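Undergrad: mmCIF, C-alpha atoms, saved as final24.cif, coming up:
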```cif
data_structure
#
loop_
_atom_site.label_atom_id
_atom_site.label_comp_id
_atom_site.auth_asym_id
_atom_site.auth_seq_id
_atom_site.Cartn_x
_atom_site.Cartn_y
_atom_site.Cartn_z
CA MET A 1 186.97 -50.95 -40.45
CA PHE A 2 189.60 -50.85 -37.67
CA ASP A 3 191.02 -54.21 -36.67
CA ASP A 4 193.85 -55.10 -34.26
CA ASP A 5 196.51 -54.90 -36.96
CA THR A 6 195.43 -51.47 -38.14
CA ILE A 7 195.53 -50.12 -34.61
CA ILE A 8 198.91 -51.69 -33.85
CA ARG A 9 200.38 -50.44 -37.15
CA ALA A 10 199.15 -46.91 -36.43
CA LEU A 11 200.63 -47.08 -32.93
CA GLN A 12 203.97 -48.32 -34.25
CA SER A 13 204.14 -45.41 -36.68
CA LEU A 14 204.35 -43.11 -33.64
CA ARG A 15 207.93 -44.33 -33.23
CA ALA A 16 208.86 -41.73 -35.82
CA ILE A 17 208.40 -38.97 -33.22
CA GLU A 18 211.79 -37.37 -32.52
CA PRO A 19 212.76 -34.60 -30.12
CA ASP A 20 214.05 -31.31 -31.47
CA LYS A 21 217.83 -31.57 -31.98
CA ASP A 22 218.58 -28.14 -30.48
CA PHE A 23 216.56 -28.98 -27.40
CA SER A 24 218.35 -32.34 -27.02
CA LYS A 25 221.78 -30.72 -27.31
CA LYS A 26 221.04 -27.93 -24.83
CA SER A 27 219.37 -30.28 -22.36
CA ARG A 28 222.33 -32.69 -22.54
CA LEU A 29 224.85 -29.94 -21.87
CA LEU A 30 222.86 -28.58 -18.95
CA ILE A 31 222.42 -32.00 -17.35
CA LEU A 32 226.05 -33.04 -17.69
CA ALA A 33 227.22 -29.66 -16.36
CA SER A 34 225.07 -29.98 -13.25
CA PRO A 35 226.83 -31.15 -10.07
CA HIS A 36 226.94 -34.86 -9.36
CA LYS A 37 227.26 -36.58 -5.97
CA ASN A 38 230.65 -38.01 -6.85
CA GLY A 39 231.73 -34.62 -8.15
CA VAL A 40 233.68 -35.53 -11.29
CA GLN A 41 232.66 -32.87 -13.77
CA GLU A 42 234.12 -32.96 -17.19
CA PRO A 43 234.72 -30.56 -20.03
CA ASP A 44 232.13 -29.95 -22.71
CA ILE A 45 231.58 -33.37 -24.23
CA THR A 46 228.87 -33.55 -26.85
CA GLY A 47 229.78 -36.72 -28.61
CA ASP A 48 231.26 -40.11 -27.91
CA MET A 49 234.18 -40.48 -25.55
CA ASN A 50 237.43 -39.88 -27.40
CA ILE A 51 241.14 -40.07 -26.57
CA ASN A 52 241.24 -36.48 -25.25
CA THR A 53 238.41 -37.18 -22.87
CA GLY A 54 240.20 -40.28 -21.57
CA ARG A 55 243.42 -38.32 -21.12
CA TRP A 56 241.57 -35.60 -19.27
CA ILE A 57 240.09 -38.16 -16.88
CA VAL A 58 243.55 -39.60 -16.18
CA VAL A 59 245.03 -36.12 -15.59
CA ARG A 60 242.13 -35.19 -13.36
CA SER A 61 242.47 -38.40 -11.33
CA LEU A 62 246.23 -37.89 -10.95
CA ARG A 63 245.69 -34.31 -9.86
CA ILE A 64 243.19 -35.33 -7.19
CA ALA A 65 245.50 -38.13 -6.02
CA SER A 66 248.51 -35.79 -5.77
CA PHE A 67 246.52 -33.15 -3.85
CA THR A 68 245.35 -35.80 -1.43
CA ALA A 69 248.89 -37.15 -0.96
CA VAL A 70 250.31 -33.65 -0.29
CA ALA A 71 247.52 -32.91 2.21
CA ILE A 72 248.14 -36.16 4.08
CA PHE A 73 251.94 -35.58 4.10
CA LEU A 74 251.52 -32.04 5.47
CA SER A 75 249.13 -33.22 8.18
CA VAL A 76 251.56 -35.94 9.30
CA ALA A 77 254.55 -33.56 9.17
CA ILE A 78 252.79 -30.91 11.25
CA TYR A 79 251.71 -33.50 13.80
CA TYR A 80 255.22 -34.98 14.00
CA ALA A 81 256.85 -31.54 14.36
CA THR A 82 254.51 -30.38 17.10
CA THR A 83 255.03 -33.55 19.13
CA GLN A 84 258.63 -34.68 18.50
CA PHE A 85 260.35 -31.27 18.44
CA SER A 86 258.44 -29.67 21.26
CA PRO A 87 260.70 -28.63 24.23
CA LEU A 88 258.18 -30.21 26.56
CA PHE A 89 258.22 -33.51 24.76
CA LEU A 90 259.61 -36.49 26.72
CA PRO A 91 258.83 -39.86 25.21
CA GLY A 92 256.90 -42.23 27.43
CA LEU A 93 255.90 -39.49 29.82
CA ASP A 94 252.36 -39.39 31.03
CA GLN A 95 251.01 -35.86 31.13
CA SER A 96 248.62 -36.49 34.02
CA SER A 97 251.36 -37.95 36.20
CA ILE A 98 253.54 -34.90 35.46
CA VAL A 99 250.77 -32.59 36.61
CA ALA A 100 250.24 -34.65 39.81
CA GLU A 101 253.95 -34.61 40.54
CA ALA A 102 254.15 -30.86 39.98
CA ASP A 103 251.26 -30.38 42.42
CA MET A 104 253.09 -32.43 45.05
CA VAL A 105 256.29 -30.41 44.61
CA ASP A 106 254.31 -27.21 44.90
CA GLN A 107 252.71 -28.35 48.16
CA LYS A 108 256.12 -29.37 49.58
CA ILE A 109 257.61 -25.98 48.75
CA THR A 110 254.68 -24.23 50.42
CA ILE A 111 255.13 -26.30 53.60
CA GLU A 112 258.86 -25.59 53.70
CA VAL A 113 258.31 -21.86 53.27
CA GLU A 114 255.84 -21.92 56.16
CA GLN A 115 258.41 -23.76 58.32
CA ILE A 116 261.09 -21.21 57.42
CA ASP A 117 258.74 -18.40 58.42
CA HIS A 118 258.03 -20.16 61.71
CA PHE A 119 261.72 -20.71 62.53
CA SER A 120 262.47 -17.13 61.62
CA ALA A 121 259.83 -15.88 64.05
CA VAL A 122 261.10 -18.18 66.84
CA THR A 123 264.72 -17.05 66.29
CA LYS A 124 263.64 -13.44 66.44
CA GLU A 125 261.84 -13.98 69.75
CA SER A 126 264.82 -15.86 71.21
CA ASN A 127 267.15 -13.05 70.25
CA GLN A 128 264.91 -10.53 71.92
CA LEU A 129 264.84 -12.59 75.16
CA LEU A 130 268.63 -13.03 75.19
CA ASP A 131 269.08 -9.30 74.68
CA GLY A 132 266.82 -8.65 77.67
CA VAL A 133 268.75 -11.08 79.86
CA THR A 134 272.19 -9.72 79.03
CA LYS A 135 271.13 -6.10 79.52
CA SER A 136 269.58 -6.68 83.07
CA SER A 137 271.95 -6.54 86.28
CA PHE A 138 272.41 -9.58 88.47
CA ASP A 139 273.94 -8.53 91.76
CA HIS A 140 273.94 -11.99 93.23
CA LEU A 141 276.31 -13.04 90.43
CA ASN A 142 278.77 -10.27 91.25
CA SER A 143 282.22 -11.85 91.97
CA SER A 144 282.96 -9.68 95.09
CA ALA A 145 279.60 -10.55 96.63
CA ILE A 146 280.16 -14.23 95.98
CA GLY A 147 283.67 -13.92 97.59
CA SER A 148 282.34 -12.31 100.78
CA GLU A 149 279.61 -14.91 101.07
CA THR A 150 282.16 -17.69 100.74
CA SER A 151 284.38 -16.22 103.46
CA GLN A 152 281.40 -15.83 105.72
CA ILE A 153 280.42 -19.44 105.22
CA ASP A 154 284.00 -20.49 105.82
CA GLY A 155 284.03 -18.47 109.09
CA LEU A 156 280.95 -20.20 110.29
CA SER A 157 282.40 -23.69 110.12
CA GLY A 158 283.53 -23.67 113.76
CA GLN A 159 280.24 -22.29 115.25
CA SER A 160 277.23 -24.10 116.73
CA ASP A 161 274.18 -24.93 114.68
CA THR A 162 272.06 -22.24 116.28
CA GLN A 163 274.62 -19.57 115.62
CA LEU A 164 275.07 -20.80 112.14
CA ASN A 165 271.39 -20.69 111.44
CA ASN A 166 271.11 -17.20 112.79
CA GLN A 167 273.95 -16.00 110.62
CA LEU A 168 272.44 -17.67 107.53
CA ASN A 169 269.14 -15.96 108.21
CA THR A 170 270.91 -12.64 108.47
CA ILE A 171 272.68 -13.23 105.14
CA LEU A 172 269.47 -14.27 103.41
CA GLN A 173 267.70 -11.18 104.72
CA GLN A 174 270.50 -9.09 103.31
CA ILE A 175 270.24 -10.71 99.94
CA GLN A 176 266.50 -10.13 99.87
CA MET B 1 233.42 -58.62 -28.48
CA ILE B 2 231.71 -56.99 -25.52
CA ASP B 3 228.05 -57.85 -25.06
CA ARG B 4 225.63 -54.95 -25.49
CA ASN B 5 224.27 -55.37 -21.97
CA GLU B 6 227.79 -55.51 -20.56
CA LYS B 7 228.63 -52.28 -22.36
CA GLU B 8 225.56 -50.62 -20.88
CA LYS B 9 226.45 -51.93 -17.42
CA GLY B 10 229.92 -50.47 -17.84
CA LEU B 11 228.46 -47.09 -18.77
CA ILE B 12 226.10 -47.17 -15.79
CA GLY B 13 229.02 -48.03 -13.49
CA LYS B 14 231.04 -45.13 -14.81
CA ALA B 15 228.04 -42.80 -14.53
CA ILE B 16 227.64 -43.84 -10.88
CA GLU B 17 231.29 -42.94 -10.34
CA GLY B 18 230.42 -39.48 -11.68
CA GLU B 19 231.70 -39.81 -15.23
CA ALA B 20 229.54 -37.40 -17.20
CA SER B 21 230.56 -38.69 -20.62
CA ALA B 22 229.25 -42.18 -19.75
CA PHE B 23 225.91 -40.75 -18.71
CA GLY B 24 225.97 -38.67 -21.90
CA LEU B 25 226.02 -41.86 -23.95
CA LEU B 26 223.07 -43.25 -22.01
CA TYR B 27 221.28 -39.96 -22.61
CA ASP B 28 221.88 -40.17 -26.35
CA LYS B 29 220.53 -43.70 -26.45
CA TYR B 30 217.35 -43.26 -24.41
CA GLN B 31 216.37 -39.60 -24.60
CA PRO B 32 214.26 -39.94 -27.81
CA LYS B 33 212.26 -42.83 -26.29
CA ILE B 34 211.58 -40.95 -23.07
CA TYR B 35 210.64 -37.79 -24.95
CA ARG B 36 208.23 -39.74 -27.18
CA PHE B 37 206.60 -41.46 -24.21
CA ILE B 38 206.13 -38.15 -22.38
CA LEU B 39 204.88 -36.28 -25.44
CA LEU B 40 202.22 -38.90 -26.10
CA LYS B 41 201.16 -38.58 -22.46
CA VAL B 42 201.04 -34.78 -22.16
CA SER B 43 200.48 -33.85 -25.85
CA ARG B 44 202.34 -30.51 -25.58
CA ARG B 45 205.83 -30.16 -26.91
CA GLU B 46 207.10 -27.56 -24.41
CA GLU B 47 205.88 -29.59 -21.44
CA ALA B 48 207.29 -32.79 -22.95
CA GLU B 49 210.70 -31.15 -23.38
CA ASP B 50 210.64 -29.77 -19.85
CA LEU B 51 209.64 -33.11 -18.33
CA THR B 52 212.20 -35.03 -20.41
CA HIS B 53 214.91 -32.69 -19.16
CA GLN B 54 213.75 -33.25 -15.58
CA VAL B 55 213.76 -37.02 -16.03
CA PHE B 56 217.39 -37.09 -17.16
CA LEU B 57 218.47 -34.53 -14.59
CA SER B 58 216.95 -36.68 -11.82
CA ALA B 59 218.54 -39.78 -13.31
CA TRP B 60 221.97 -38.12 -13.40
CA LYS B 61 221.71 -36.87 -9.83
CA HIS B 62 220.47 -40.19 -8.46
CA VAL B 63 222.09 -42.65 -10.84
CA GLU B 64 223.65 -44.50 -7.88
CA GLN B 65 220.12 -45.53 -6.87
CA PHE B 66 219.72 -47.58 -10.05
CA GLN B 67 219.42 -51.26 -9.23
CA ASP B 68 220.20 -53.77 -11.94
CA LYS B 69 217.25 -56.17 -12.02
CA GLY B 70 218.09 -57.60 -15.40
CA PHE B 71 216.20 -54.93 -17.37
CA PRO B 72 217.75 -52.23 -19.52
CA PHE B 73 218.54 -48.82 -18.04
CA SER B 74 215.53 -47.51 -19.98
CA SER B 75 213.14 -49.32 -17.59
CA TRP B 76 214.41 -47.16 -14.75
CA LEU B 77 214.14 -44.04 -16.92
CA PHE B 78 210.56 -44.90 -17.94
CA ARG B 79 209.67 -45.34 -14.29
CA ILE B 80 211.04 -41.86 -13.50
CA ALA B 81 209.21 -40.46 -16.54
CA ARG B 82 205.96 -42.05 -15.45
CA ASN B 83 206.27 -40.48 -11.98
CA LYS B 84 207.11 -37.08 -13.47
CA VAL B 85 203.99 -37.20 -15.66
CA ILE B 86 201.85 -38.18 -12.66
CA ASP B 87 203.32 -35.24 -10.67
CA TYR B 88 202.77 -32.95 -13.67
CA TYR B 89 199.05 -33.72 -13.81
CA ARG B 90 198.74 -33.53 -10.04
CA THR B 91 200.29 -30.06 -9.78
CA LYS B 92 199.19 -28.46 -13.06
CA LYS B 93 195.67 -29.85 -12.90
CA THR B 94 195.40 -29.71 -16.68
CA SER B 95 194.09 -32.34 -19.03
CA VAL B 96 195.07 -33.37 -22.53
CA PRO B 97 193.11 -31.51 -25.23
CA LEU B 98 190.97 -34.18 -26.85
CA ASP B 99 190.64 -32.55 -30.26
CA GLU B 100 194.16 -31.23 -30.70
CA ILE B 101 196.77 -33.07 -32.79
CA PRO B 102 200.31 -32.30 -31.68
CA GLU B 103 202.65 -30.89 -34.29
CA GLU B 104 204.80 -34.03 -34.15
CA ILE B 105 201.86 -36.34 -34.96
CA ALA B 106 200.81 -34.12 -37.84
CA LYS B 107 204.37 -34.19 -39.20
CA ILE B 108 204.44 -37.99 -39.15
CA ALA B 109 201.11 -38.14 -40.93
CA GLN B 110 202.50 -35.85 -43.64
CA SER B 111 205.72 -37.78 -44.07
CA ASP B 112 206.50 -40.06 -46.99
CA GLY B 113 205.66 -43.18 -45.02
CA PHE B 114 201.98 -42.31 -45.13
CA ASP B 115 201.00 -42.12 -48.76
CA ALA B 116 197.37 -42.90 -48.45
CA LEU B 117 195.05 -40.32 -46.94
CA ALA B 118 193.28 -43.13 -45.10
CA ASP B 119 196.49 -44.04 -43.26
CA LYS B 120 197.04 -40.44 -42.17
CA MET B 121 193.51 -40.22 -40.84
CA GLU B 122 193.90 -43.55 -39.06
CA LEU B 123 197.03 -42.34 -37.28
CA GLU B 124 195.43 -39.10 -36.12
CA ARG B 125 192.29 -40.92 -35.03
CA ILE B 126 194.18 -43.51 -33.04
CA TYR B 127 196.18 -40.78 -31.32
CA LEU B 128 192.99 -38.96 -30.30
CA LEU B 129 191.34 -42.17 -29.12
CA LEU B 130 194.34 -42.96 -26.89
CA GLN B 131 193.18 -40.08 -24.70
CA PHE B 132 190.00 -42.03 -23.85
CA LEU B 133 191.96 -44.85 -22.26
CA THR B 134 192.85 -44.89 -18.56
CA ASP B 135 196.36 -43.68 -17.66
CA LEU B 136 197.54 -47.23 -17.02
CA GLN B 137 196.04 -48.62 -20.26
CA GLN B 138 197.61 -45.73 -22.15
CA GLU B 139 201.03 -46.39 -20.65
CA ILE B 140 200.86 -50.11 -21.41
CA ILE B 141 199.82 -49.49 -25.03
CA LEU B 142 202.60 -46.92 -25.56
CA LEU B 143 205.29 -49.04 -23.92
CA ARG B 144 204.20 -52.21 -25.72
CA PHE B 145 203.48 -51.00 -29.26
CA VAL B 146 205.38 -47.73 -29.61
CA GLU B 147 208.49 -48.66 -27.63
CA GLY B 148 208.29 -52.43 -28.18
CA LEU B 149 209.01 -53.44 -24.57
CA SER B 150 208.39 -56.93 -23.20
CA TYR B 151 205.54 -57.69 -20.79
CA LYS B 152 208.07 -58.26 -18.02
CA GLU B 153 209.70 -54.90 -18.58
CA ILE B 154 206.34 -53.13 -18.70
CA ALA B 155 205.38 -54.94 -15.50
CA SER B 156 208.54 -53.64 -13.79
CA ILE B 157 207.81 -50.08 -14.94
CA THR B 158 204.13 -50.00 -14.00
CA GLY B 159 204.43 -52.09 -10.83
CA LYS B 160 201.95 -54.71 -12.13
CA ASN B 161 202.62 -58.37 -12.86
CA SER B 162 203.00 -59.65 -16.42
CA GLY B 163 199.56 -61.29 -16.43
CA ALA B 164 197.85 -58.07 -15.41
CA VAL B 165 199.75 -56.21 -18.13
CA ARG B 166 198.50 -58.68 -20.78
CA VAL B 167 194.91 -58.30 -19.59
CA LEU B 168 195.13 -54.51 -19.52
CA GLN B 169 196.64 -54.45 -23.00
CA HIS B 170 193.88 -56.69 -24.35
CA ARG B 171 191.18 -54.46 -22.85
CA ALA B 172 192.86 -51.31 -24.16
CA ILE B 173 193.05 -52.60 -27.74
CA LYS B 174 189.45 -53.75 -27.54
CA LYS B 175 188.37 -50.33 -26.31
CA LEU B 176 190.33 -48.54 -29.04
CA LYS B 177 188.76 -50.79 -31.67
CA GLN B 178 185.26 -50.14 -30.39
CA LEU B 179 185.78 -46.39 -30.22
CA ALA B 180 187.40 -46.24 -33.66
CA ASN B 181 184.66 -48.26 -35.34
CA ASN B 182 181.88 -46.36 -33.61
CA LYS B 183 183.26 -43.04 -34.73
CA LYS B 184 183.79 -44.27 -38.22
CA GLN B 185 180.19 -45.29 -38.42
#
```
Render the structure in this file as structure tokens.
TA:
Amino acid sequence: MFDDDTIIRALQSLRAIEPDKDFSKKSRLLILASPHKNGVQEPDITGDMNINTGRWIVVRSLRIASFTAVAIFLSVAIYYATTQFSPLFLPGLDQSSIVAEADMVDQKITIEVEQIDHFSAVTKESNQLLDGVTKSSFDHLNSSAIGSETSQIDGLSGQSDTQLNNQLNTILQQIQ
Amino acid sequence: MIDRNEKEKGLIGKAIEGEASAFGLLYDKYQPKIYRFILLKVSRREEAEDLTHQVFLSAWKHVEQFQDKGFPFSSWLFRIARNKVIDYYRTKKTSVPLDEIPEEIAKIAQSDGFDALADKMELERIYLLLQFLTDLQQEIILLRFVEGLSYKEIASITGKNSGAVRVLQHRAIKKLKQLANNKKQ
């Protein structure tokens, strides 16, 4: 007859079930060799943690720390070198204001060049006009003609107005 | 002297940090229990080994998800194992052979602890009758009497409250008793 105790005793005897040792060993190795989120893989450890394992962890941690420190140092050094030793580097200078200023200078130069071109063209035209004037003959500015006109005017000083007018008309007709 | 629970907490903390040797110690401690639980659920050694491996692989990969609720680490492992077994039956669509005694059960029956033939027969019969229980009743019986867990711990693994676990255990034992006595007659 089965009673509660018999059933419970039979169930408790199932505690004797053990996994195969080879399976357990292989499974353990495979699991511990698989990648972990925090990425600290260790050498083949099949038993309890010993002094070598502890030493390995310390060495591994130091190695990671030193790699990190070197990487940070190099990053800072490269940044410092590219900024501080650059020929374009001026401390406290705003890059946008430099660009705006350069644009203004460029515009000023363009305006000045245009003005120079304009003055050059005007000078050229003036020179051409002066050349034309100096090369043409002006008879009325001839010194002998001016002298004869002066003597004629002087000779007319004692005559009447009518005579004087007539003589002036004659002279003007001659000039024309 | 460091408390046992504190030592386990320390190992879990190191495992979360990625220390494989710490997880290795947790594996050594709990792997036989998880294997036993799974074998008694699926009854085939190869499948039990495969599922046990998967349980510990999942635990190792997601150990940071473990939340300390005052229960041993094994509670979390049993919960993973339970889910793996449920997935196994869902995908494989196989059932436990009702007349087949696993090699491991037969070995126990033949060991020195079982001198009387009656005891050996009782063990094999109880194992076979376990298959007639519901999945939940089976799990509660195995966790309570094979693994010796508390009602609270079983409740945390199965997602039931302690009272429900007690009731389910009572019904399961009653059913086993009825089945065993009917067969005997």
Undergrad: For the interface of chain B with chain A (cut-off 8 Å, counting only C-alpha atoms), please tabulate each contacting residue of chain B alongside its nearest pair of atoms and their separation in Å to one decimal, rows sorted by chain and increasing number, as JSON lines.
TA:
```
{"residue": "B:Ile16", "atom": "CA", "partner": "A:Asn38", "partner_atom": "CA", "distance": 7.7}
{"residue": "B:Glu17", "atom": "CA", "partner": "A:Asn38", "partner_atom": "CA", "distance": 6.1}
{"residue": "B:Gly18", "atom": "CA", "partner": "A:Asn38", "partner_atom": "CA", "distance": 5.1}
{"residue": "B:Glu19", "atom": "CA", "partner": "A:Val40", "partner_atom": "CA", "distance": 6.1}
{"residue": "B:Ala20", "atom": "CA", "partner": "A:Leu32", "partner_atom": "CA", "distance": 5.6}
{"residue": "B:Ser21", "atom": "CA", "partner": "A:Met49", "partner_atom": "CA", "distance": 6.4}
{"residue": "B:Ala22", "atom": "CA", "partner": "A:Met49", "partner_atom": "CA", "distance": 7.8}
{"residue": "B:Phe23", "atom": "CA", "partner": "A:Leu32", "partner_atom": "CA", "distance": 7.8}
{"residue": "B:Gly24", "atom": "CA", "partner": "A:Arg28", "partner_atom": "CA", "distance": 7.0}
{"residue": "B:Leu25", "atom": "CA", "partner": "A:Asp48", "partner_atom": "CA", "distance": 6.8}
{"residue": "B:Tyr27", "atom": "CA", "partner": "A:Arg28", "partner_atom": "CA", "distance": 7.3}
{"residue": "B:Gln31", "atom": "CA", "partner": "A:Ser24", "partner_atom": "CA", "distance": 7.9}
{"residue": "B:Pro32", "atom": "CA", "partner": "A:Glu18", "partner_atom": "CA", "distance": 5.9}
{"residue": "B:Tyr35", "atom": "CA", "partner": "A:Pro19", "partner_atom": "CA", "distance": 6.4}
{"residue": "B:Arg36", "atom": "CA", "partner": "A:Ile17", "partner_atom": "CA", "distance": 6.1}
{"residue": "B:Glu49", "atom": "CA", "partner": "A:Phe23", "partner_atom": "CA", "distance": 7.4}
{"residue": "B:His53", "atom": "CA", "partner": "A:Ser27", "partner_atom": "CA", "distance": 6.0}
{"residue": "B:Phe56", "atom": "CA", "partner": "A:Ile31", "partner_atom": "CA", "distance": 7.2}
{"residue": "B:Leu57", "atom": "CA", "partner": "A:Ile31", "partner_atom": "CA", "distance": 5.4}
{"residue": "B:Trp60", "atom": "CA", "partner": "A:His36", "partner_atom": "CA", "distance": 7.2}
{"residue": "B:Lys61", "atom": "CA", "partner": "A:His36", "partner_atom": "CA", "distance": 5.6}
{"residue": "B:Glu104", "atom": "CA", "partner": "A:Ile17", "partner_atom": "CA", "distance": 6.2}
{"residue": "B:Ile105", "atom": "CA", "partner": "A:Ile17", "partner_atom": "CA", "distance": 7.3}
{"residue": "B:Ile108", "atom": "CA", "partner": "A:Ala16", "partner_atom": "CA", "distance": 6.7}
{"residue": "B:Asp119", "atom": "CA", "partner": "A:Ala10", "partner_atom": "CA", "distance": 7.9}
{"residue": "B:Glu122", "atom": "CA", "partner": "A:Ala10", "partner_atom": "CA", "distance": 6.8}
{"residue": "B:Leu123", "atom": "CA", "partner": "A:Ala10", "partner_atom": "CA", "distance": 5.1}
{"residue": "B:Ile126", "atom": "CA", "partner": "A:Ala10", "partner_atom": "CA", "distance": 6.9}
{"residue": "B:Tyr127", "atom": "CA", "partner": "A:Leu11", "partner_atom": "CA", "distance": 7.9}
{"residue": "B:Leu142", "atom": "CA", "partner": "A:Leu11", "partner_atom": "CA", "distance": 7.6}
{"residue": "B:Phe145", "atom": "CA", "partner": "A:Gln12", "partner_atom": "CA", "distance": 5.7}
{"residue": "B:Val146", "atom": "CA", "partner": "A:Gln12", "partner_atom": "CA", "distance": 4.9}
{"residue": "B:Glu147", "atom": "CA", "partner": "A:Arg15", "partner_atom": "CA", "distance": 7.1}
{"residue": "B:Ile173", "atom": "CA", "partner": "A:Asp4", "partner_atom": "CA", "distance": 7.0}
{"residue": "B:Leu176", "atom": "CA", "partner": "A:Ile7", "partner_atom": "CA", "distance": 7.8}
{"residue": "B:Lys177", "atom": "CA", "partner": "A:Phe2", "partner_atom": "CA", "distance": 6.1}
{"residue": "B:Ala180", "atom": "CA", "partner": "A:Phe2", "partner_atom": "CA", "distance": 6.5}
{"residue": "B:Asn181", "atom": "CA", "partner": "A:Phe2", "partner_atom": "CA", "distance": 6.0}
{"residue": "B:Lys184", "atom": "CA", "partner": "A:Met1", "partner_atom": "CA", "distance": 7.7}
```
Undergrad: Would you pick out the contacts of stretch 83-85 of chain B at 8 Å or less, using all atoms listed in the file, so that residues sharing its chain but fewer than 3 positions from it are not included, and give the list as a JSON list (two decimals) with C-alpha atoms, keeping the file's coordinate frame?
TA:
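This went into out28.json:
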```json
[["chain", "number", "residue", "atom", "x", "y", "z"],
["B", 38, "ILE", "CA", 206.13, -38.15, -22.38],
["B", 41, "LYS", "CA", 201.16, -38.58, -22.46],
["B", 42, "VAL", "CA", 201.04, -34.78, -22.16],
["B", 51, "LEU", "CA", 209.64, -33.11, -18.33],
["B", 54, "GLN", "CA", 213.75, -33.25, -15.58],
["B", 55, "VAL", "CA", 213.76, -37.02, -16.03],
["B", 79, "ARG", "CA", 209.67, -45.34, -14.29],
["B", 80, "ILE", "CA", 211.04, -41.86, -13.50],
["B", 88, "TYR", "CA", 202.77, -32.95, -13.67],
["B", 89, "TYR", "CA", 199.05, -33.72, -13.81]]
```
Undergrad: Find the distance between atom CA of B:Leu168 and atom CA of B:Ser43 and write it in Å to one decimal.
TA: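 Going from atom CA of B:Leu168 over to atom CA of B:Ser43 covers 22.3 Å.
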Undergrad: Quote the spacing between atom CA of A:Ser151 and atom CA of A:Val133 in Å to one decimal place.
TA: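 That distance, rounded to one decimal, is 28.8 Å.
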Undergrad: Would you mind reading off the distance between atom CA of B:Ala59 and atom CA of B:Glu8, one decimal, in Å?
TA: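 One can read the atom CA of B:Ala59 to atom CA of B:Glu8 distance as 15.0 Å.
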Undergrad: Please write a file for stretch 37-51 of chain B, taken from the block I just shared, that holds N, CA and C atoms and is laid out as a PDB file, in the first residue's frame.
TA:
```pdb
ATOM      1  N   PHE B  37      16.309  18.226 -12.553  1.00  0.00           N
ATOM      2  CA  PHE B  37      14.958  18.775 -12.761  1.00  0.00           C
ATOM      3  C   PHE B  37      14.536  18.590 -14.224  1.00  0.00           C
ATOM      4  N   ILE B  38      15.441  18.919 -15.136  1.00  0.00           N
ATOM      5  CA  ILE B  38      15.111  18.829 -16.566  1.00  0.00           C
ATOM      6  C   ILE B  38      14.944  17.374 -16.999  1.00  0.00           C
ATOM      7  N   LEU B  39      15.837  16.508 -16.514  1.00  0.00           N
ATOM      8  CA  LEU B  39      15.737  15.092 -16.903  1.00  0.00           C
ATOM      9  C   LEU B  39      14.398  14.501 -16.467  1.00  0.00           C
ATOM     10  N   LEU B  40      13.971  14.821 -15.258  1.00  0.00           N
ATOM     11  CA  LEU B  40      12.704  14.281 -14.769  1.00  0.00           C
ATOM     12  C   LEU B  40      11.512  14.880 -15.517  1.00  0.00           C
ATOM     13  N   LYS B  41      11.735  16.001 -16.186  1.00  0.00           N
ATOM     14  CA  LYS B  41      10.663  16.611 -16.981  1.00  0.00           C
ATOM     15  C   LYS B  41      10.624  16.067 -18.406  1.00  0.00           C
ATOM     16  N   VAL B  42      11.810  15.828 -19.003  1.00  0.00           N
ATOM     17  CA  VAL B  42      11.826  15.405 -20.417  1.00  0.00           C
ATOM     18  C   VAL B  42      12.129  13.918 -20.591  1.00  0.00           C
ATOM     19  N   SER B  43      12.680  13.281 -19.565  1.00  0.00           N
ATOM     20  CA  SER B  43      12.925  11.831 -19.519  1.00  0.00           C
ATOM     21  C   SER B  43      13.986  11.305 -20.491  1.00  0.00           C
ATOM     22  N   ARG B  44      14.608  12.175 -21.278  1.00  0.00           N
ATOM     23  CA  ARG B  44      15.641  11.700 -22.217  1.00  0.00           C
ATOM     24  C   ARG B  44      16.949  12.402 -21.881  1.00  0.00           C
ATOM     25  N   ARG B  45      17.987  11.589 -21.756  1.00  0.00           N
ATOM     26  CA  ARG B  45      19.262  12.121 -21.296  1.00  0.00           C
ATOM     27  C   ARG B  45      19.844  13.171 -22.244  1.00  0.00           C
ATOM     28  N   GLU B  46      19.837  12.857 -23.558  1.00  0.00           N
ATOM     29  CA  GLU B  46      20.438  13.782 -24.526  1.00  0.00           C
ATOM     30  C   GLU B  46      19.739  15.149 -24.489  1.00  0.00           C
ATOM     31  N   GLU B  47      18.414  15.090 -24.464  1.00  0.00           N
ATOM     32  CA  GLU B  47      17.642  16.348 -24.419  1.00  0.00           C
ATOM     33  C   GLU B  47      17.908  17.093 -23.107  1.00  0.00           C
ATOM     34  N   ALA B  48      17.988  16.334 -22.022  1.00  0.00           N
ATOM     35  CA  ALA B  48      18.241  16.954 -20.705  1.00  0.00           C
ATOM     36  C   ALA B  48      19.607  17.642 -20.689  1.00  0.00           C
ATOM     37  N   GLU B  49      20.592  16.989 -21.278  1.00  0.00           N
ATOM     38  CA  GLU B  49      21.934  17.598 -21.343  1.00  0.00           C
ATOM     39  C   GLU B  49      21.913  18.860 -22.197  1.00  0.00           C
ATOM     40  N   ASP B  50      21.257  18.767 -23.344  1.00  0.00           N
ATOM     41  CA  ASP B  50      21.184  19.914 -24.247  1.00  0.00           C
ATOM     42  C   ASP B  50      20.481  21.101 -23.572  1.00  0.00           C
ATOM     43  N   LEU B  51      19.361  20.812 -22.939  1.00  0.00           N
ATOM     44  CA  LEU B  51      18.598  21.891 -22.282  1.00  0.00           C
ATOM     45  C   LEU B  51      19.364  22.466 -21.082  1.00  0.00           C
TER      46      LEU B  51
END
```
